[in-house]
Amino acid sequence: MSVKPLKPSELRWRCRPSRFRFGNSGELKPTDRIVGQERAVGAVHLGLEISGSGYNMFITGVPGSGRETTVKRILDKIDINSDSLQDICYACNFEDAAKPRVLIMPAGCGRKLKQGIENCVELLKRNIPAVLQSERTAGERGRLLRSFSEKKEELMKAVTREAQNAGFALVSIPVGPGQVRPDVLPVIDNKPATHEQLREMVSSGAMTEEKLAEIRDSHDKLFQKLSEALRRSHDIDMKAKNALDELMTEMVRSTVVGITDQLKHIGGGKSLEEYADGMASTILENLEAFSGADSDSDPYHVFRVNLLVDNSGRKTKPVVVENFPDPASLFGTIDRIMVENRPYSDHTMISAGSYLKANGGFLILDAMDVVRYPGLWQSLSQTLKNQTVVIRANDMMRLFGAVELQPEPIRVNVKVIMIGPAWLYTLLAGSDPEFGLLFRIRADFDDSMKLTGANLKDFSRVIAYITGNEKLAPLDPSGMAMVCEQAVRITGRHDRLSLKFNLIADYVRQAAYWASRSGRNVIAGEDVQKAIFEKQRRLSLAADHALQDVLDGQVLVDTDGVRTGVVNGLAVYRGADYSFGLPARITVSVTPGREGLVNVERESDMSGPTHTKGVEVISGYLRNTFARDYPLSLSAGIVFEQSYGGVDGDSASSTELYALLSALSGVPLRQDLAVTGSVNQFGEIQPIGGVNEKIEGFFRVCRERGLTGTQGVLIPASNRVHLQLELEVVEAVRKGRFHIYPVSTVSQGIELLTGRPAGEAAPSGAYPPDSVLGLADRRLRTMAETLRSFSCGR
């Protein structure tokens with residue numbers, strides 16, 4: 001059952017420079033084709049070309065895998081010509097200015113309408129005053145005013161005659177500065193006499209009280225008739241004004257209607273015809289304002305059209321990329337100005353967002369940007385569901401108490417393309433019942449492709465495109481080979497090639513820098529290695545500090561000797577842009593008892609659910625391997641020593657099991673070996689993540705302390721496909737100074753760690769007495785008997 005260490009050739013996929021038949025990559029035919037994404041490209045084609053409600057698309061995958069680039073390139077290739085594009089305008093609602101109306105018309109008509117209205121306004125400004133000031137209008141106006149003036153004169157003549165016959169005169173009495181009132185006064189000695197004068201005459205005896213009473217009675221009757229005449233005269237003035245307004249309206253009607261009817265020939269449909277009629281009616285109903293009498297304001301401002309979306313001259317469907325989505329940039333907004341210390345808005349202050357600009361075409365959004373903005377996803381989903389854009393002003397402005405502008409909602413037809421991570425797609429799909437109806441197409445971009453000769457060729461052509469497009473130095477075959485090896489390392493599998501070209505391009509750019517520093521005009525393999533090393537050095541500050549703690553003895557880890565119940569586990573510490581591995585001591589102590597396996601990390605609330613599950617699996621292994629004819633009667637404490645940040649994952653479950661078997665059997669474990677791997681109840685070792693970082697972490701500790709030639713790491717045999725170790729580790733293995741052991745079962749691992757046979761169960765279930773499992777079985781039986789005796793003795 002001995003396990004042979006892996007050969008150096010099994011630890012890293014090597015790309016031979018001879019695979020590339022060029023002097024440098026500048027000789028290659030570069031390609032900007034999206035390689036390795038056939039499945040996703042097919043889905044994108046379907047999503048872009050199929051029409052119908054709800055056929056929006058959600059593109060998932062990691063950044064740098066070509067998601068947005070693929071969409072743009074496919075849009076460049078497919079037929080997106082359209083003869084049904086539309087212009088979108090907002091115009092004044094003549095019935096309610098607070099609710100501007102939308103005018104939607106064929107592409108090009110919006111600009112014609114805007115120019116047409118400007119021409120109409122110029123004609124109206126010239127022609128309305130000209131008509132109103134013409135001789136014909138003046139004659140008609142004079143005749144109309146004379147007819148009403150004659151009626152007023154007849155009324156006043158009748159009152160005057162009756163007053164004269166009664167001995168009275170019609171006079172105007174001053175009642176204030178520049179003010180008079182009409183009245184009738186008796187004529188005494190050929191002069192109108194006031195009431196005060198009449199009273200003096202009575203006092204002097206010149207007139208009797210009876211005569212005064214008679215005069216007063218006549219005055220009251222005449223004044224009543226005067227008042228009635230004045231009232232009727234005022235009515236005549238009002239009728240004259242109304243008649244004059246009607247006259248002026250009729251005089252200019254044909255001119256106004258003739259001018260505004262020109263707009264109906266633009267081709268905007270029924271809505272534009274209604275708008276032209278409304279424009280004429282507004283002018284005719286407010287002719288005084290449009291006659292030029294008021295020079296302080298421009299009444300024609302109300303007719304200005306706000307052309308939000310202008311597709312004149314466009315023959316293809318719009319493709320809009322919104323990089324900074326918020327409610328204003330996505331759906332539009334309404335600007336405001338301060339007028340007399342109050343906010344003011346009208347239809348000309350409405351701005352279109354990217355959603356409107358994409359009408360009839362495609363809108364590309366980053367899903368993460370959308371969900372980060374509070375409430376934006378809800379607004380977007382409502383817009384998609386209703387296929388209607390609603391533009392509103394900034395809600396904060398409502399605090400000023402201004403009348404809020406409420407533009408008419410706009411029906412739109414936009415295919416939305418969301419780009420985001422797979423977990424966000426899952427979250428939205430699970431939380432929004434209508435998500436699947438809104439996004440019927442998902443295109444999932446892979447982050448890697450199979451490592452084949454054809455794919456390597458495509459990969460190298462993409463690298464050639466990057467260097468040529470960015471004017472970087474070309475790569476020689478050794479440089480291209482090293483880039484390919486790093487692309488394999490990024491995937492974590494030596495049979496896959498990374499498609500994260502954003503990361504790969506960074507290595508190429510930095511390698512070009514180091515090549516230029518060395519005076520080379522091509523990028524060699526050593527330049528790529530330098531770029532990789534320097535990036536690690538920049539990011540490895542935390543790793544270096546952690547390594548130094550181990551070397552200084554602050555973190556207890558042995559790399560030689562043997563110890564019972566103690567084993568070196570391996571952990572990966574992941575940061576935002578760098579991950580590294582380090583060994584961690586795992587210890588186990590056992591006594592008779594009923595507690596079973598005590599997960600100290602769990603008891604101290606530092607164990608994640610997966611790690612806790614791994615400990616429970618160990619209990620299952622013990623029941624399956626031992627305790628077939630006796631109960632498990634142990635209390636075992638399992639500890640990740642000096643772990644202060646919590647533990648999760650089951651990659652240490654085999655490690656913990658080795659320490660437990662050592663503690664049970666009393667057989668010590670080698671400290672020059674570190675272990676990683678998950679285990680199941682049947683003792684089979686299962687693959688784990690971060691295998692390269694874990695091996696390299698233990699190797700660095702051993703290297704700093706001095707490689708002895710016996711040190712190494714036990715990994716799951718199924719993890720061999722994930723190996724892409726650093727060249728330094730591969731070279732140490734080549735020289736026999738470090739070893740990587742692939743194990744498939746707990747028995748294989750315990751034999752490597754103890755140098756003693758694990759032991760196989762006989763048909764009776766017994767293990768060889770001197771084997772590790774035999775010794776462990778004996779200890780478990782002893783503890784069961786001890787506990788039984790103790791319980792009976794009580």
# chains A, B, ... in the order shown; residues from 1 in each chain; ligands from 1
$ select_by_dssp --residues "segment 181-225 of chain A" --states "helix (DSSP H, G or I)" --output "short mmCIF file (atom, residue, chain, number, x, y, z; two decimals) with N, CA and C atoms, in the first residue's frame"
data_model
loop_
_atom_site.label_atom_id
_atom_site.label_comp_id
_atom_site.auth_asym_id
_atom_site.auth_seq_id
_atom_site.Cartn_x
_atom_site.Cartn_y
_atom_site.Cartn_z
N HIS A 195 -76.44 120.23 -3.14
CA HIS A 195 -77.34 120.01 -2.01
C HIS A 195 -77.03 121.00 -0.91
N GLU A 196 -75.80 121.37 -0.70
CA GLU A 196 -75.45 122.33 0.33
C GLU A 196 -76.02 123.72 0.01
N GLN A 197 -75.95 124.05 -1.30
CA GLN A 197 -76.48 125.36 -1.70
C GLN A 197 -78.00 125.40 -1.52
N LEU A 198 -78.66 124.29 -1.83
CA LEU A 198 -80.12 124.25 -1.65
C LEU A 198 -80.48 124.41 -0.18
N ARG A 199 -79.71 123.80 0.73
CA ARG A 199 -79.99 123.91 2.14
C ARG A 199 -79.80 125.35 2.62
N GLU A 200 -78.80 126.05 2.08
CA GLU A 200 -78.58 127.44 2.46
C GLU A 200 -79.75 128.32 2.00
N MET A 201 -80.27 127.98 0.80
CA MET A 201 -81.41 128.77 0.29
C MET A 201 -82.64 128.59 1.20
N VAL A 202 -82.85 127.37 1.69
CA VAL A 202 -83.96 127.14 2.61
C VAL A 202 -83.74 127.91 3.90
N SER A 203 -82.50 127.93 4.36
CA SER A 203 -82.18 128.63 5.62
C SER A 203 -82.37 130.12 5.48
N SER A 204 -82.11 130.65 4.26
CA SER A 204 -82.23 132.10 4.06
C SER A 204 -83.65 132.51 3.69
N GLU A 209 -89.30 124.55 2.39
CA GLU A 209 -89.00 123.13 2.65
C GLU A 209 -89.76 122.24 1.67
N GLU A 210 -90.98 122.65 1.30
CA GLU A 210 -91.77 121.85 0.38
C GLU A 210 -91.10 121.78 -0.98
N LYS A 211 -90.56 122.92 -1.43
CA LYS A 211 -89.87 122.94 -2.74
C LYS A 211 -88.61 122.08 -2.70
N LEU A 212 -87.92 122.14 -1.57
CA LEU A 212 -86.69 121.32 -1.43
C LEU A 212 -87.03 119.84 -1.49
N ALA A 213 -88.11 119.44 -0.84
CA ALA A 213 -88.51 118.04 -0.85
C ALA A 213 -88.89 117.61 -2.26
N GLU A 214 -89.55 118.53 -2.99
CA GLU A 214 -89.92 118.20 -4.37
C GLU A 214 -88.69 118.01 -5.24
N ILE A 215 -87.69 118.89 -5.06
CA ILE A 215 -86.45 118.79 -5.85
C ILE A 215 -85.72 117.47 -5.52
N ARG A 216 -85.69 117.16 -4.22
CA ARG A 216 -85.00 115.92 -3.82
C ARG A 216 -85.68 114.68 -4.42
N ASP A 217 -87.00 114.70 -4.44
CA ASP A 217 -87.71 113.56 -5.00
C ASP A 217 -87.40 113.42 -6.50
N SER A 218 -87.37 114.54 -7.19
CA SER A 218 -87.03 114.51 -8.63
C SER A 218 -85.58 114.05 -8.83
N HIS A 219 -84.69 114.49 -7.95
CA HIS A 219 -83.27 114.08 -8.07
C HIS A 219 -83.11 112.57 -7.92
N ASP A 220 -83.82 112.02 -6.93
CA ASP A 220 -83.69 110.57 -6.71
C ASP A 220 -84.14 109.78 -7.92
N LYS A 221 -85.23 110.22 -8.54
CA LYS A 221 -85.73 109.50 -9.71
C LYS A 221 -84.76 109.62 -10.88
N LEU A 222 -84.25 110.84 -11.07
CA LEU A 222 -83.32 111.04 -12.18
C LEU A 222 -81.99 110.32 -11.94
N PHE A 223 -81.52 110.33 -10.70
CA PHE A 223 -80.24 109.66 -10.41
C PHE A 223 -80.36 108.16 -10.62
N GLN A 224 -81.54 107.63 -10.29
CA GLN A 224 -81.76 106.20 -10.53
C GLN A 224 -81.67 105.89 -12.02
N LYS A 225 -82.27 106.76 -12.84
CA LYS A 225 -82.21 106.57 -14.29
C LYS A 225 -80.77 106.74 -14.80
#
$ select_by_dssp --residues "segment 548-728 of chain A" --states "strand (DSSP E)" --output "ChimeraX atom specification"
/A:562-563,566-574,579-592,596-599,634-640,669-670,673-675,678-679,685-686,712-716
$ residues_around --residues "Ser579 of chain A" --least-positions-apart "3" --cutoff "9 Å" --atoms "only C-alpha atoms" --output "NGL selection string"
:A and (540 or 543 or 572-576 or 690 or 693)
$ write_last_selection --atoms "N, CA and C atoms" --output "compact mmCIF listing (two decimals), in the first residue's frame"
# COMPACT_ATOMS: atom_id res chain seq x y z
N SER A 540 2.55 40.21 -0.90
CA SER A 540 2.77 39.14 0.08
C SER A 540 3.22 39.64 1.45
N ALA A 543 1.60 37.56 4.12
CA ALA A 543 2.17 36.21 4.09
C ALA A 543 3.55 36.19 4.71
N VAL A 572 -5.45 27.97 3.94
CA VAL A 572 -5.29 29.03 2.93
C VAL A 572 -5.92 30.30 3.46
N TYR A 573 -5.18 31.38 3.37
CA TYR A 573 -5.67 32.69 3.77
C TYR A 573 -5.89 33.52 2.50
N ARG A 574 -7.12 33.93 2.30
CA ARG A 574 -7.46 34.60 1.04
C ARG A 574 -7.73 36.08 1.29
N GLY A 575 -7.04 36.90 0.49
CA GLY A 575 -7.29 38.33 0.50
C GLY A 575 -8.01 38.73 -0.77
N ALA A 576 -8.13 40.05 -0.97
CA ALA A 576 -8.86 40.53 -2.15
C ALA A 576 -8.13 40.17 -3.44
N GLY A 690 -7.37 25.12 -3.13
CA GLY A 690 -6.15 25.81 -2.72
C GLY A 690 -4.95 24.90 -2.53
N GLU A 693 -1.45 26.62 -3.13
CA GLU A 693 -1.06 27.56 -2.07
C GLU A 693 -0.67 26.82 -0.79
$ residues_around --residues "Lys7 of chain A" --least-positions-apart "6" --cutoff "9 Å" --atoms "only C-alpha atoms" --output "PyMOL selection string"
chain A and resi 730+733-734+739-740
$ write_last_selection --atoms "N, CA and C atoms" --output "compact mmCIF listing (two decimals), in the first residue's frame"
# COMPACT_ATOMS: atom_id res chain seq x y z
N VAL A 730 8.95 22.79 -7.71
CA VAL A 730 9.19 21.71 -8.67
C VAL A 730 10.67 21.35 -8.70
N VAL A 733 11.65 19.32 -5.66
CA VAL A 733 11.22 17.94 -5.82
C VAL A 733 12.14 17.20 -6.78
N ARG A 734 12.55 17.88 -7.84
CA ARG A 734 13.45 17.25 -8.81
C ARG A 734 14.77 16.83 -8.16
N HIS A 739 8.85 16.50 -1.21
CA HIS A 739 8.06 15.43 -1.81
C HIS A 739 6.57 15.75 -1.70
N ILE A 740 5.83 15.33 -2.72
CA ILE A 740 4.37 15.47 -2.74
C ILE A 740 3.79 14.07 -2.87
$ residues_around --residues "Trp13 of chain A" --least-positions-apart "6" --cutoff "12 Å" --atoms "only C-alpha atoms" --output "JSON, numbers by chain"
{"A": [7, 451, 481, 482, 484, 485, 486, 487, 488, 489, 492, 493, 494, 495, 496, 497, 720, 721, 722, 723, 724, 725, 726, 727, 730]}
$ residues_around --residues "Lys191 of chain A" --least-positions-apart "6" --cutoff "10 Å" --atoms "only C-alpha atoms" --output "VMD selection string"
chain A and resid 168 to 169 185
$ decode --residues "segment 158-189 of chain A" --atoms "N, CA, C and O atoms" --output "PDB file, in the first residue's frame"
ATOM      1  N   ALA A 158     -80.608 110.476 -23.726  1.00  0.00           N
ATOM      2  CA  ALA A 158     -81.971 110.312 -23.187  1.00  0.00           C
ATOM      3  C   ALA A 158     -82.030 110.769 -21.740  1.00  0.00           C
ATOM      4  O   ALA A 158     -82.995 111.453 -21.312  1.00  0.00           O
ATOM      5  N   VAL A 159     -81.025 110.424 -20.962  1.00  0.00           N
ATOM      6  CA  VAL A 159     -80.994 110.852 -19.564  1.00  0.00           C
ATOM      7  C   VAL A 159     -80.857 112.362 -19.486  1.00  0.00           C
ATOM      8  O   VAL A 159     -81.506 113.047 -18.661  1.00  0.00           O
ATOM      9  N   THR A 160     -80.039 112.923 -20.387  1.00  0.00           N
ATOM     10  CA  THR A 160     -79.799 114.376 -20.371  1.00  0.00           C
ATOM     11  C   THR A 160     -81.088 115.138 -20.683  1.00  0.00           C
ATOM     12  O   THR A 160     -81.431 116.151 -20.042  1.00  0.00           O
ATOM     13  N   ARG A 161     -81.834 114.671 -21.733  1.00  0.00           N
ATOM     14  CA  ARG A 161     -83.086 115.351 -22.103  1.00  0.00           C
ATOM     15  C   ARG A 161     -84.103 115.325 -20.960  1.00  0.00           C
ATOM     16  O   ARG A 161     -84.746 116.336 -20.632  1.00  0.00           O
ATOM     17  N   GLU A 162     -84.246 114.144 -20.354  1.00  0.00           N
ATOM     18  CA  GLU A 162     -85.221 114.032 -19.265  1.00  0.00           C
ATOM     19  C   GLU A 162     -84.825 114.910 -18.100  1.00  0.00           C
ATOM     20  O   GLU A 162     -85.680 115.526 -17.433  1.00  0.00           O
ATOM     21  N   ALA A 163     -83.510 115.024 -17.832  1.00  0.00           N
ATOM     22  CA  ALA A 163     -83.048 115.883 -16.738  1.00  0.00           C
ATOM     23  C   ALA A 163     -83.335 117.337 -17.054  1.00  0.00           C
ATOM     24  O   ALA A 163     -83.783 118.112 -16.186  1.00  0.00           O
ATOM     25  N   GLN A 164     -83.101 117.733 -18.320  1.00  0.00           N
ATOM     26  CA  GLN A 164     -83.344 119.127 -18.701  1.00  0.00           C
ATOM     27  C   GLN A 164     -84.840 119.462 -18.588  1.00  0.00           C
ATOM     28  O   GLN A 164     -85.216 120.564 -18.150  1.00  0.00           O
ATOM     29  N   ASN A 165     -85.676 118.530 -19.020  1.00  0.00           N
ATOM     30  CA  ASN A 165     -87.128 118.777 -18.940  1.00  0.00           C
ATOM     31  C   ASN A 165     -87.593 118.927 -17.496  1.00  0.00           C
ATOM     32  O   ASN A 165     -88.574 119.625 -17.218  1.00  0.00           O
ATOM     33  N   ALA A 166     -86.870 118.277 -16.581  1.00  0.00           N
ATOM     34  CA  ALA A 166     -87.252 118.373 -15.170  1.00  0.00           C
ATOM     35  C   ALA A 166     -86.516 119.495 -14.471  1.00  0.00           C
ATOM     36  O   ALA A 166     -86.651 119.663 -13.248  1.00  0.00           O
ATOM     37  N   GLY A 167     -85.723 120.288 -15.217  1.00  0.00           N
ATOM     38  CA  GLY A 167     -85.007 121.396 -14.613  1.00  0.00           C
ATOM     39  C   GLY A 167     -83.699 120.961 -13.960  1.00  0.00           C
ATOM     40  O   GLY A 167     -83.245 121.638 -13.032  1.00  0.00           O
ATOM     41  N   PHE A 168     -83.132 119.917 -14.421  1.00  0.00           N
ATOM     42  CA  PHE A 168     -81.868 119.413 -13.856  1.00  0.00           C
ATOM     43  C   PHE A 168     -80.790 119.404 -14.944  1.00  0.00           C
ATOM     44  O   PHE A 168     -81.091 119.437 -16.149  1.00  0.00           O
ATOM     45  N   ALA A 169     -79.555 119.288 -14.509  1.00  0.00           N
ATOM     46  CA  ALA A 169     -78.410 119.217 -15.443  1.00  0.00           C
ATOM     47  C   ALA A 169     -77.530 118.022 -15.053  1.00  0.00           C
ATOM     48  O   ALA A 169     -77.379 117.696 -13.868  1.00  0.00           O
ATOM     49  N   LEU A 170     -76.950 117.372 -16.083  1.00  0.00           N
ATOM     50  CA  LEU A 170     -76.020 116.232 -15.864  1.00  0.00           C
ATOM     51  C   LEU A 170     -74.616 116.795 -15.659  1.00  0.00           C
ATOM     52  O   LEU A 170     -74.080 117.494 -16.533  1.00  0.00           O
ATOM     53  N   VAL A 171     -74.006 116.548 -14.511  1.00  0.00           N
ATOM     54  CA  VAL A 171     -72.700 117.127 -14.164  1.00  0.00           C
ATOM     55  C   VAL A 171     -71.751 116.024 -13.663  1.00  0.00           C
ATOM     56  O   VAL A 171     -72.173 114.914 -13.333  1.00  0.00           O
ATOM     57  N   SER A 172     -70.468 116.373 -13.612  1.00  0.00           N
ATOM     58  CA  SER A 172     -69.431 115.490 -13.048  1.00  0.00           C
ATOM     59  C   SER A 172     -68.883 116.144 -11.806  1.00  0.00           C
ATOM     60  O   SER A 172     -68.389 117.273 -11.845  1.00  0.00           O
ATOM     61  N   ILE A 173     -68.978 115.437 -10.679  1.00  0.00           N
ATOM     62  CA  ILE A 173     -68.584 115.997  -9.398  1.00  0.00           C
ATOM     63  C   ILE A 173     -67.242 115.399  -8.975  1.00  0.00           C
ATOM     64  O   ILE A 173     -67.090 114.167  -8.926  1.00  0.00           O
ATOM     65  N   PRO A 174     -66.241 116.232  -8.681  1.00  0.00           N
ATOM     66  CA  PRO A 174     -64.942 115.701  -8.204  1.00  0.00           C
ATOM     67  C   PRO A 174     -65.118 114.983  -6.864  1.00  0.00           C
ATOM     68  O   PRO A 174     -65.810 115.493  -5.981  1.00  0.00           O
ATOM     69  N   VAL A 175     -64.478 113.822  -6.746  1.00  0.00           N
ATOM     70  CA  VAL A 175     -64.539 113.064  -5.487  1.00  0.00           C
ATOM     71  C   VAL A 175     -63.144 112.721  -4.978  1.00  0.00           C
ATOM     72  O   VAL A 175     -63.004 111.993  -3.996  1.00  0.00           O
ATOM     73  N   GLY A 176     -62.140 113.225  -5.614  1.00  0.00           N
ATOM     74  CA  GLY A 176     -60.765 112.931  -5.214  1.00  0.00           C
ATOM     75  C   GLY A 176     -59.812 113.393  -6.296  1.00  0.00           C
ATOM     76  O   GLY A 176     -60.229 113.853  -7.365  1.00  0.00           O
ATOM     77  N   PRO A 177     -58.546 113.240  -6.025  1.00  0.00           N
ATOM     78  CA  PRO A 177     -57.554 113.668  -7.020  1.00  0.00           C
ATOM     79  C   PRO A 177     -57.737 112.913  -8.326  1.00  0.00           C
ATOM     80  O   PRO A 177     -57.586 111.683  -8.378  1.00  0.00           O
ATOM     81  N   GLY A 178     -58.118 113.655  -9.380  1.00  0.00           N
ATOM     82  CA  GLY A 178     -58.271 113.046 -10.697  1.00  0.00           C
ATOM     83  C   GLY A 178     -59.477 112.165 -10.828  1.00  0.00           C
ATOM     84  O   GLY A 178     -59.576 111.411 -11.806  1.00  0.00           O
ATOM     85  N   GLN A 179     -60.405 112.202  -9.864  1.00  0.00           N
ATOM     86  CA  GLN A 179     -61.570 111.329  -9.906  1.00  0.00           C
ATOM     87  C   GLN A 179     -62.851 112.169  -9.839  1.00  0.00           C
ATOM     88  O   GLN A 179     -62.923 113.146  -9.113  1.00  0.00           O
ATOM     89  N   VAL A 180     -63.874 111.745 -10.629  1.00  0.00           N
ATOM     90  CA  VAL A 180     -65.185 112.408 -10.634  1.00  0.00           C
ATOM     91  C   VAL A 180     -66.259 111.342 -10.669  1.00  0.00           C
ATOM     92  O   VAL A 180     -65.984 110.179 -10.993  1.00  0.00           O
ATOM     93  N   ARG A 181     -67.478 111.798 -10.316  1.00  0.00           N
ATOM     94  CA  ARG A 181     -68.622 110.898 -10.449  1.00  0.00           C
ATOM     95  C   ARG A 181     -69.761 111.677 -11.089  1.00  0.00           C
ATOM     96  O   ARG A 181     -69.939 112.862 -10.852  1.00  0.00           O
ATOM     97  N   PRO A 182     -70.548 110.989 -11.952  1.00  0.00           N
ATOM     98  CA  PRO A 182     -71.664 111.690 -12.598  1.00  0.00           C
ATOM     99  C   PRO A 182     -72.823 111.880 -11.607  1.00  0.00           C
ATOM    100  O   PRO A 182     -73.026 111.050 -10.728  1.00  0.00           O
ATOM    101  N   ASP A 183     -73.576 112.965 -11.805  1.00  0.00           N
ATOM    102  CA  ASP A 183     -74.726 113.227 -10.940  1.00  0.00           C
ATOM    103  C   ASP A 183     -75.679 114.178 -11.679  1.00  0.00           C
ATOM    104  O   ASP A 183     -75.309 114.767 -12.704  1.00  0.00           O
ATOM    105  N   VAL A 184     -76.898 114.316 -11.162  1.00  0.00           N
ATOM    106  CA  VAL A 184     -77.879 115.278 -11.711  1.00  0.00           C
ATOM    107  C   VAL A 184     -78.180 116.317 -10.619  1.00  0.00           C
ATOM    108  O   VAL A 184     -78.476 115.943  -9.480  1.00  0.00           O
ATOM    109  N   LEU A 185     -78.058 117.572 -10.974  1.00  0.00           N
ATOM    110  CA  LEU A 185     -78.303 118.657 -10.006  1.00  0.00           C
ATOM    111  C   LEU A 185     -79.365 119.604 -10.562  1.00  0.00           C
ATOM    112  O   LEU A 185     -79.437 119.838 -11.786  1.00  0.00           O
ATOM    113  N   PRO A 186     -80.205 120.164  -9.666  1.00  0.00           N
ATOM    114  CA  PRO A 186     -81.218 121.118 -10.133  1.00  0.00           C
ATOM    115  C   PRO A 186     -80.559 122.416 -10.631  1.00  0.00           C
ATOM    116  O   PRO A 186     -79.497 122.808 -10.134  1.00  0.00           O
ATOM    117  N   VAL A 187     -81.199 122.995 -11.638  1.00  0.00           N
ATOM    118  CA  VAL A 187     -80.648 124.238 -12.197  1.00  0.00           C
ATOM    119  C   VAL A 187     -81.407 125.414 -11.544  1.00  0.00           C
ATOM    120  O   VAL A 187     -82.637 125.521 -11.701  1.00  0.00           O
ATOM    121  N   ILE A 188     -80.687 126.260 -10.828  1.00  0.00           N
ATOM    122  CA  ILE A 188     -81.241 127.430 -10.151  1.00  0.00           C
ATOM    123  C   ILE A 188     -80.506 128.653 -10.698  1.00  0.00           C
ATOM    124  O   ILE A 188     -79.273 128.724 -10.625  1.00  0.00           O
ATOM    125  N   ASP A 189     -81.293 129.569 -11.258  1.00  0.00           N
ATOM    126  CA  ASP A 189     -80.696 130.772 -11.844  1.00  0.00           C
ATOM    127  C   ASP A 189     -79.652 130.381 -12.890  1.00  0.00           C
ATOM    128  O   ASP A 189     -78.530 130.913 -12.959  1.00  0.00           O
TER     129      ASP A 189
END
